[in-house]
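Working notes, beginning with the structure itself.
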Amino acid sequence: MPGVLEGIRVIDFGQYIAGPMAAMLLGDQGADVIRVDPPGGPRWNTPANATWNRNKRSIVLDLKQEADRETARQLIASADVVIENFRPGVMDRLGVGATAMTTANPRLVYCSLPGFGADDPRAQVKAWEGVVGAATGAYRPGHSTQGRPVYTVIPYGSAYAAFLCGVTVATVLNARARSGLGQRVEIPLFDATFTVVGARGLLVNGKSVPEAEFDWSRQLPCKDGRWLMYVANNKKFEAFIKSIGMDKWRDAKLPPKELAQKFDEVMRTRTAKEWEDIIADIGSEGVICHSSAEWLQHPQALQSKIIADYDDPELGRFRGPGINARLSATPGAVRLPRPKTDAHRAEIINELAARKSAPSSDGSEVLRSALQGVKVVDLCIVLAGPTCGRTLAEFGADVVKIDSPHRGTVLRHNDINRAKRSILIDLKTQEGLAIFWKLVDQADVVLQNFRSGVAEQLGIDYERVRARRPDIVYGSMNTFGHLGPYASRPGHEQIGQAVSGMQVRFGSTKPATAPFAANDYGTGLMACYGVALALLHRRRTGQGQFVDSALAYTATMLQSALLQDYPGKQWNEPHGQEATGSGPLNRLYQTRDGWLFLAAPDGNLAQCAELKDLAGLPDANLERELETRMRDRDAATWVALLTQAGIGAHRVVPSLPELMTDPLVQARGLAVTRDHEGFGPITTTAPGVKLSRTPMDIGRPAAKPGSDIASVLADIGMSGELDRLIREGVVAVEGVKAGC
């Protein structure tokens with residue numbers, strides 16, 4: 001089957017990570033992506049380009065030359081989508097900016113992915129990934145680093161800008177099919193990072209939510225010297241700790257330190273593989289903490305096809321990331337290897353010469369939101385699944401969130417269930433299922449992230465929903481995907497991190513949990529991308545399909561800058577709790593009053609009067625001199641001096657509460673404080689995407705669980721049944737708490 005985006009032309013001006021990755025996501029789903037590079041090729045010559053530039057054609061244009069600018073304008077006139085990630089104003093100065101190009105081509109979707117937004121005072125800062133990471137709390141101090149921030153090579157800002165770009169393009173193309181009009185999109189890397197900050201940045205009455213005194217979910221040492229990640233958020237937790245005798249120590253109320261020591265002692269009695277198998281047999285959650293090199297060889301990675309072997313003109317045969325969002329009727333594919341630079345110049349120029357006028361508007365609806373009128377039934381729990389539903393709601397869908405009246409607490413409710421209507425239904429009752437099916441009859445999308453087999457037991461799996469509604473879009477999210485030996489295993493964020501190498505990379509001698517729940521939120525976004533693509537396909541064909549997204553897929557894509565294995569590969573990227581950066585000109589430095597990140601990968605220290613005498617020093621000497629020099633002044637002074645000299649720099653934001661209460665963050669609407677029933681003021685993150693025609697909307701605060709049952713029953717013609725349904729225990733309006 002052709003990809004959903006076959007016939008959609010994308011012009012990719014992107015450099016480094018965000019732009020190329022976003023265009024790759026579109027190319028993986030069938031789009032014709034034309035990559036435009038400057039003379040000399042991509043600005044970052046990295047093996048990861050073998051992944052990010054697959055499924056593209058290549059042309060070199062010098063946008064400083066009028067003839068090539070005219071070619072660029074013609075390419076844009078022929079396009080459906082443009083992606084660029086320069087600083088605000090650069091494309092305008094070249095005459096190919098968003099306003100001019102969407103005026104000339106009203107059907108165009110023009111996506112800008114700058115480091116800082118056009119309305120941000122830091123718009124002209126050179127926002128390398130490390131600069132954005134420092135600005136967003138990605139490098140905050142670790143538990144054992146004595147106040148020193150920890151650098152991570154995972155590019156959260158760039159990856160999330162790319163994820164959000166894919167989601168936004170797919171939803172806006174749905175809107176264009178109805179209105180006939182494209183629009184301008186801006187997704188700054190800084191703004192995009194707030195999606196992955198998520199619940200970890202949530203503040204209740206101005207304070208962060210305290211962590212549990214003892215967390216059973218932890219990295220555990222094993223007999224063979226390896227580490228195992230165990231997660232206790234599972235119904236089989238009690239069975240596991242009883243099987244190893246830890247329940248008696250818990251019930252004896254040992255102090256947390258002693259309880260941790262007992263747990264470690266027990267786990268050291270077997271190898272990590274033995275424990276992983278035991279835990280899997282019980283049905284609880286535990287996995288060996290692998291390195292990324294091991295993940296590339298893991299049976300689950302290979303059999304789920306999130307890792308596969310490819311050909312590349314530079315690397316030769318290599319192993320790397322596969323397709324992220326999976327669709328059953330229109331599966332994505334790696335159709336083309338990375339092209340040689342400028343390989344398609346002649347055919348692209350010839351196509352422009354033969355180009356016909358763009359089609360006139362194919363729609364006439366006036367839309368307030370991109371997904372206006374789309375109805376979603378959201379059965380998901382915790383983070384990944386509900387994030388998909390929340391994102392669809394922020395794009396304008398009517399999302400009905402169903403939770404069990406027996407759950408007790410809806411975890412993370414105030415973060416991931418805003419903008420939705422909330423109901424509590426017992427789907428194990430015949431009448432509860434009848435209500436579900438009435439909702440399905442009116443729905444466009446069903447979302448679930450149950451453990452393997454649960455949907456089938458309830459009778460609401462894809463095959464049965466499709467039998468009733470052949471045009472339904474059915475989204476499913478889990479930890480490992482639906483193929484491979486681990487497909488039926490349960491899991492959470494930490495499991496996805498551990499199995500794929502993220503925890504080993506972030507840890508030192510002991511694996512460590514990464515600073516954000518990036519796999520959960522990213523999986524929600526990739527599911528949303530798949531759902532929006534499936535809706536576009538349904539609009540054209542009338543057919544629904546199954547959408548598959550998984551934490552392990554997302555963990556792989558987050559590490560796609562590193563996960564290319566080829567002859568001569570060296571696993572030497574910065575890692576561990578001692579990491580400060582990738583070199584003296586791309587790292588964290590301590591100043592008189594805090595830390596900053598300095599990014600001068602083009603080696604332009606000579607432009608800063610205070611540092612020009614250091615230009616040209618060997619790396620070891622340069623690093624020592626910079627460490628000494630930076631301590632002489634405060635962070636704000638250094639950032640001002642470096643920025644004025646055209647060097648990327650930003651103070652390290654040391655905590656998420658500080659980030660969420662920053663006046664600039666709040667003024668730009670990235671952190672929003674609103675009253676929530678039963679809690680008072682809660683501060684949450686907000687969407688970081690700007691659309692010119694159909695803006696995203698944070699929606700109302702998360703409703704009290706079950707409080708929307710009356711309006712939902714009215715929608716399906718059952719408004720007179722509420723009291724009886726409550727009395728019979730089919731639905732509930734009380735008894736379930738909203739968790740933070």
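In the structure tokens, chains take letters A, B, ... by order of appearance, with residues numbered from 1 within each chain and ligands from 1 in the order shown.
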Contact residues around Tyr139 of chain A with only C-alpha atoms at 8 Å, ignoring same-chain residues under 5 positions, as JSON, numbers by chain:
{"A": [133, 134, 149, 150, 151, 152, 515, 652, 653, 654]}
Emit the selected residues as a short mmCIF file (atom, residue, chain, number, x, y, z; two decimals), in the first residue's frame, including all heavy atoms.
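This went into result.cif:
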data_model
loop_
_atom_site.label_atom_id
_atom_site.label_comp_id
_atom_site.auth_asym_id
_atom_site.auth_seq_id
_atom_site.Cartn_x
_atom_site.Cartn_y
_atom_site.Cartn_z
N GLY A 133 18.83 22.92 26.16
CA GLY A 133 18.78 22.03 27.31
C GLY A 133 19.01 22.77 28.62
O GLY A 133 18.33 22.53 29.61
N ALA A 134 19.99 23.69 28.62
CA ALA A 134 20.25 24.48 29.83
C ALA A 134 19.05 25.34 30.18
O ALA A 134 18.72 25.52 31.36
CB ALA A 134 21.48 25.35 29.61
N PRO A 149 25.15 20.28 37.64
CA PRO A 149 24.21 19.78 36.63
C PRO A 149 24.81 18.62 35.84
O PRO A 149 26.04 18.48 35.76
CB PRO A 149 23.97 21.00 35.74
CG PRO A 149 25.16 21.87 35.95
CD PRO A 149 25.60 21.65 37.36
N VAL A 150 23.94 17.81 35.27
CA VAL A 150 24.37 16.63 34.52
C VAL A 150 23.98 16.81 33.05
O VAL A 150 22.81 17.01 32.73
CB VAL A 150 23.73 15.34 35.08
CG1 VAL A 150 24.17 14.13 34.28
CG2 VAL A 150 24.08 15.17 36.54
N TYR A 151 24.96 16.73 32.19
CA TYR A 151 24.72 16.84 30.74
C TYR A 151 24.19 15.51 30.20
O TYR A 151 24.61 14.43 30.63
CB TYR A 151 26.02 17.18 30.03
CG TYR A 151 25.95 17.15 28.52
CD1 TYR A 151 25.35 18.18 27.82
CD2 TYR A 151 26.49 16.08 27.81
CE1 TYR A 151 25.29 18.15 26.43
CE2 TYR A 151 26.44 16.04 26.42
CZ TYR A 151 25.84 17.08 25.74
OH TYR A 151 25.77 17.05 24.37
N THR A 152 23.26 15.58 29.28
CA THR A 152 22.80 14.39 28.57
C THR A 152 22.84 14.65 27.08
O THR A 152 22.49 15.74 26.62
CB THR A 152 21.38 13.97 28.99
OG1 THR A 152 20.95 12.90 28.14
CG2 THR A 152 20.39 15.12 28.85
N PRO A 515 16.19 12.44 32.85
CA PRO A 515 15.54 13.56 33.54
C PRO A 515 14.08 13.79 33.20
O PRO A 515 13.39 14.48 33.95
CB PRO A 515 16.40 14.76 33.14
CG PRO A 515 17.09 14.37 31.89
CD PRO A 515 17.30 12.89 31.99
N VAL A 652 22.12 27.76 33.23
CA VAL A 652 21.47 26.49 33.51
C VAL A 652 20.33 26.73 34.50
O VAL A 652 20.55 27.22 35.61
CB VAL A 652 22.46 25.47 34.09
CG1 VAL A 652 21.73 24.21 34.56
CG2 VAL A 652 23.51 25.11 33.05
N VAL A 653 19.12 26.40 34.08
CA VAL A 653 17.97 26.45 34.99
C VAL A 653 18.06 25.22 35.87
O VAL A 653 17.94 24.09 35.37
CB VAL A 653 16.65 26.50 34.22
CG1 VAL A 653 15.46 26.45 35.17
CG2 VAL A 653 16.59 27.76 33.35
N PRO A 654 18.28 25.38 37.19
CA PRO A 654 18.62 24.23 38.03
C PRO A 654 17.45 23.38 38.50
O PRO A 654 17.66 22.31 39.07
CB PRO A 654 19.32 24.88 39.23
CG PRO A 654 18.68 26.23 39.33
CD PRO A 654 18.37 26.66 37.91
#
Please run DSSP on the backbone and report, as a VMD selection string, all residues within segment 129-314 of chain A that come out as alpha helix (DSSP H).
chain A and resid 129 to 135 156 to 179 189 to 197 237 to 243 246 to 251 256 to 267 272 to 282 292 to 295 299 to 303
Quick one: of A:Ser500, A:Thr509, A:Ser719, A:Ser549, who's nearest to Leu447 of chain A, counting only C-alpha atoms?
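Once distances to Leu447 of chain A are computed over only C-alpha atoms, the minimum belongs to A:Ser549.
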Of the candidates A:Ile8, A:Arg540, A:Arg674, A:Pro47, which shows the shortest atom-to-atom distance to Arg700 of chain A, using only C-alpha atoms?
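For Arg700 of chain A, the nearest of the candidates is A:Arg674.
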Near segment 59-70 of chain A, counting only C-alpha atoms, which residues have an atom at most 10 Å away, once you skip same-chain residues fewer than 5 positions from it, shown as an mmCIF file with N, CA and C atoms, in the first residue's frame?
data_model
loop_
_atom_site.group_PDB
_atom_site.id
_atom_site.type_symbol
_atom_site.label_atom_id
_atom_site.label_comp_id
_atom_site.auth_asym_id
_atom_site.auth_seq_id
_atom_site.Cartn_x
_atom_site.Cartn_y
_atom_site.Cartn_z
ATOM 1 N N PHE A 13 14.444 22.337 4.399
ATOM 2 C CA PHE A 13 15.601 23.206 4.544
ATOM 3 C C PHE A 13 16.323 22.956 5.869
ATOM 4 N N ILE A 34 12.038 16.745 -0.599
ATOM 5 C CA ILE A 34 13.187 17.295 -1.311
ATOM 6 C C ILE A 34 14.053 18.026 -0.295
ATOM 7 N N ARG A 35 15.239 17.506 -0.097
ATOM 8 C CA ARG A 35 16.160 18.096 0.877
ATOM 9 C C ARG A 35 17.019 19.154 0.200
ATOM 10 N N VAL A 36 17.038 20.344 0.782
ATOM 11 C CA VAL A 36 17.828 21.451 0.252
ATOM 12 C C VAL A 36 19.008 21.679 1.183
ATOM 13 N N ASP A 37 20.212 21.462 0.677
ATOM 14 C CA ASP A 37 21.421 21.694 1.462
ATOM 15 C C ASP A 37 22.198 22.873 0.896
ATOM 16 N N PRO A 38 23.010 23.521 1.728
ATOM 17 C CA PRO A 38 23.899 24.568 1.233
ATOM 18 C C PRO A 38 25.093 23.944 0.524
ATOM 19 N N PRO A 39 25.863 24.742 -0.214
ATOM 20 C CA PRO A 39 27.098 24.203 -0.799
ATOM 21 C C PRO A 39 27.974 23.578 0.286
ATOM 22 N N GLY A 40 28.490 22.394 0.009
ATOM 23 C CA GLY A 40 29.273 21.682 1.010
ATOM 24 C C GLY A 40 28.490 20.628 1.756
ATOM 25 N N GLY A 41 27.158 20.618 1.575
ATOM 26 C CA GLY A 41 26.347 19.581 2.191
ATOM 27 C C GLY A 41 25.843 19.955 3.565
ATOM 28 N N PRO A 42 25.281 18.994 4.295
ATOM 29 C CA PRO A 42 24.688 19.277 5.609
ATOM 30 C C PRO A 42 25.681 19.953 6.548
ATOM 31 N N LEU A 75 10.459 25.912 -5.803
ATOM 32 C CA LEU A 75 10.245 24.668 -5.063
ATOM 33 C C LEU A 75 9.132 24.841 -4.032
ATOM 34 N N ILE A 76 9.177 25.950 -3.307
ATOM 35 C CA ILE A 76 8.162 26.193 -2.289
ATOM 36 C C ILE A 76 6.785 26.351 -2.930
ATOM 37 N N MET A 91 14.934 33.276 7.130
ATOM 38 C CA MET A 91 14.262 32.957 5.863
ATOM 39 C C MET A 91 13.564 34.187 5.286
ATOM 40 N N LEU A 94 15.998 36.217 3.373
ATOM 41 C CA LEU A 94 16.331 35.571 2.106
ATOM 42 C C LEU A 94 15.184 35.621 1.097
ATOM 43 N N GLY A 95 14.058 36.171 1.531
ATOM 44 C CA GLY A 95 12.913 36.290 0.629
ATOM 45 C C GLY A 95 12.077 35.045 0.505
ATOM 46 N N VAL A 96 12.264 34.084 1.411
ATOM 47 C CA VAL A 96 11.493 32.828 1.349
ATOM 48 C C VAL A 96 10.877 32.532 2.717
ATOM 49 N N PRO A 339 20.318 10.104 0.143
ATOM 50 C CA PRO A 339 20.900 10.383 -1.173
ATOM 51 C C PRO A 339 22.272 11.030 -1.059
ATOM 52 N N LYS A 340 23.069 10.878 -2.076
ATOM 53 C CA LYS A 340 24.279 11.682 -2.161
ATOM 54 C C LYS A 340 23.877 13.137 -2.380
ATOM 55 N N THR A 341 24.638 14.043 -1.815
ATOM 56 C CA THR A 341 24.309 15.462 -1.890
ATOM 57 C C THR A 341 24.196 15.913 -3.345
ATOM 58 N N ASP A 342 23.094 16.583 -3.650
ATOM 59 C CA ASP A 342 22.800 17.154 -4.980
ATOM 60 C C ASP A 342 22.520 16.086 -6.036
ATOM 61 N N ALA A 343 22.237 14.861 -5.600
ATOM 62 C CA ALA A 343 22.073 13.760 -6.552
ATOM 63 C C ALA A 343 20.876 13.925 -7.472
ATOM 64 N N HIS A 344 19.877 14.702 -7.064
ATOM 65 C CA HIS A 344 18.638 14.775 -7.828
ATOM 66 C C HIS A 344 18.415 16.149 -8.457
ATOM 67 N N ARG A 345 19.484 16.932 -8.559
ATOM 68 C CA ARG A 345 19.333 18.295 -9.080
ATOM 69 C C ARG A 345 18.627 18.323 -10.430
ATOM 70 N N ALA A 346 19.103 17.533 -11.373
ATOM 71 C CA ALA A 346 18.564 17.605 -12.736
ATOM 72 C C ALA A 346 17.080 17.251 -12.754
ATOM 73 N N GLU A 347 16.697 16.158 -12.085
ATOM 74 C CA GLU A 347 15.287 15.770 -12.155
ATOM 75 C C GLU A 347 14.395 16.757 -11.420
ATOM 76 N N ILE A 348 14.886 17.345 -10.349
ATOM 77 C CA ILE A 348 14.080 18.327 -9.620
ATOM 78 C C ILE A 348 13.893 19.582 -10.457
ATOM 79 N N ILE A 349 14.965 20.054 -11.089
ATOM 80 C CA ILE A 349 14.858 21.243 -11.948
ATOM 81 C C ILE A 349 13.917 20.967 -13.117
#
I'd like the contact shell of Gly117 of chain A - 10 Å cut-off, only C-alpha atoms, skipping same-chain residues fewer than 5 positions apart - returned as a PyMOL selection string.
chain A and resi 87-88+112+122-124+186-191+668+688+690
So which residues touch Ser291 of chain A within 7 Å, counting only C-alpha atoms, skipping near sequence neighbours fewer than 3 positions away, as a ChimeraX atom specification?
/A:294-295,500-501,504
When you draw a straight line from atom CA of Ala636 of chain A to atom CA of His650 of chain A, how long is it in Å?
8.4 Å
Choose the residue, out of A:Asp224, A:Ala325, A:Arg693, A:His290, that has the smallest atom-to-atom separation from Pro106 of chain A; count only C-alpha atoms.
A:Arg693
Please determine, counting only C-alpha atoms, which residue among A:Leu352, A:Val209, A:Cys289, A:Ile709 has the shortest atom-to-atom distance to Trp227 of chain A.
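The shortest atom-to-atom distance to Trp227 of chain A comes from A:Cys289.
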Given only C-alpha atoms as the counted atoms, nearest of A:Asp92, A:Glu276, A:Asp619, A:Glu578 to Arg148 of chain A
A:Glu578
If we count only C-alpha atoms and set the cut-off at 6 Å, which residues sit around segment 30-33 of chain A, ignoring sequence neighbours fewer than 5 positions away in its own chain? Please answer as a list in words.
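Close residues of segment 30-33 of chain A: Gly3, Leu5, Glu6, Ile8, Arg9, Val10, Ile11 and Lys56 of chain A.
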Quick one: residues within 10 Å of Leu302 of chain A, only C-alpha atoms counted, chain neighbours fewer than 6 positions away excluded, as a list in words?
Trp295, Leu296, Ala308, Asp309, Arg319, Pro321, Gly322, Leu483 and Gly484 of chain A
Taking only C-alpha atoms into account, produce a table as CSV in which each residue of segment 207-243 of chain A with an atom at most 12 Å from an atom of segment 193-201 of chain A appears once, together with its shortest atom pair and the distance in Å to one decimal, ordered by chain and rising number.
residue,atom,partner,partner_atom,distance
A:Lys207,CA,A:Gly201,CA,9.7
A:Ser208,CA,A:Gly201,CA,7.2
A:Val209,CA,A:Arg200,CA,8.4
A:Pro210,CA,A:Arg200,CA,10.5
A:Glu211,CA,A:Arg200,CA,10.6
Writing out the chosen residues with all heavy atoms as a PDB file, in the first residue's frame:
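File written: result.pdb
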ATOM      1  N   LYS A 207       3.900  24.595  44.685  1.00  0.00           N
ATOM      2  CA  LYS A 207       4.896  23.648  45.160  1.00  0.00           C
ATOM      3  C   LYS A 207       4.858  22.375  44.326  1.00  0.00           C
ATOM      4  O   LYS A 207       3.798  21.929  43.891  1.00  0.00           O
ATOM      5  CB  LYS A 207       4.655  23.319  46.636  1.00  0.00           C
ATOM      6  CG  LYS A 207       4.780  24.529  47.567  1.00  0.00           C
ATOM      7  CD  LYS A 207       4.513  24.125  49.014  1.00  0.00           C
ATOM      8  CE  LYS A 207       4.616  25.330  49.942  1.00  0.00           C
ATOM      9  NZ  LYS A 207       4.327  24.965  51.353  1.00  0.00           N
ATOM     10  N   SER A 208       6.027  21.776  44.128  1.00  0.00           N
ATOM     11  CA  SER A 208       6.081  20.524  43.380  1.00  0.00           C
ATOM     12  C   SER A 208       5.527  19.382  44.224  1.00  0.00           C
ATOM     13  O   SER A 208       5.521  19.446  45.459  1.00  0.00           O
ATOM     14  CB  SER A 208       7.511  20.218  42.947  1.00  0.00           C
ATOM     15  OG  SER A 208       8.388  20.293  44.026  1.00  0.00           O
ATOM     16  N   VAL A 209       5.068  18.347  43.558  1.00  0.00           N
ATOM     17  CA  VAL A 209       4.487  17.194  44.241  1.00  0.00           C
ATOM     18  C   VAL A 209       5.617  16.370  44.853  1.00  0.00           C
ATOM     19  O   VAL A 209       6.557  15.978  44.148  1.00  0.00           O
ATOM     20  CB  VAL A 209       3.668  16.341  43.256  1.00  0.00           C
ATOM     21  CG1 VAL A 209       3.071  15.135  43.962  1.00  0.00           C
ATOM     22  CG2 VAL A 209       2.576  17.177  42.613  1.00  0.00           C
ATOM     23  N   PRO A 210       5.582  16.090  46.164  1.00  0.00           N
ATOM     24  CA  PRO A 210       6.691  15.363  46.806  1.00  0.00           C
ATOM     25  C   PRO A 210       6.770  13.923  46.306  1.00  0.00           C
ATOM     26  O   PRO A 210       5.758  13.299  45.979  1.00  0.00           O
ATOM     27  CB  PRO A 210       6.352  15.418  48.294  1.00  0.00           C
ATOM     28  CG  PRO A 210       4.866  15.625  48.350  1.00  0.00           C
ATOM     29  CD  PRO A 210       4.527  16.449  47.144  1.00  0.00           C
ATOM     30  N   GLU A 211       7.994  13.404  46.254  1.00  0.00           N
ATOM     31  CA  GLU A 211       8.205  12.019  45.866  1.00  0.00           C
ATOM     32  C   GLU A 211       7.945  11.104  47.066  1.00  0.00           C
ATOM     33  O   GLU A 211       8.020  11.521  48.219  1.00  0.00           O
ATOM     34  CB  GLU A 211       9.641  11.822  45.371  1.00  0.00           C
ATOM     35  CG  GLU A 211       9.959  12.604  44.104  1.00  0.00           C
ATOM     36  CD  GLU A 211      11.375  12.353  43.632  1.00  0.00           C
ATOM     37  OE1 GLU A 211      12.078  11.536  44.262  1.00  0.00           O
ATOM     38  OE2 GLU A 211      11.782  12.988  42.649  1.00  0.00           O
TER      39      GLU A 211
END
Strand (DSSP E or B) per DSSP on the backbone: members of segment 383-487 of chain A, as a PyMOL selection string:
chain A and resi 398-403+409-410+421-425+445-448+473-478
Can you work out the spacing between atom CA of Ala162 of chain A and atom CA of Gly19 of chain A in Å, to one decimal?
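Going from atom CA of Ala162 of chain A over to atom CA of Gly19 of chain A covers 6.6 Å.
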To one decimal in Å, tell me the separation between atom CA of Gly137 of chain A and atom CA of Asp593 of chain A.
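Atom CA of Gly137 of chain A sits 16.8 Å away from atom CA of Asp593 of chain A.
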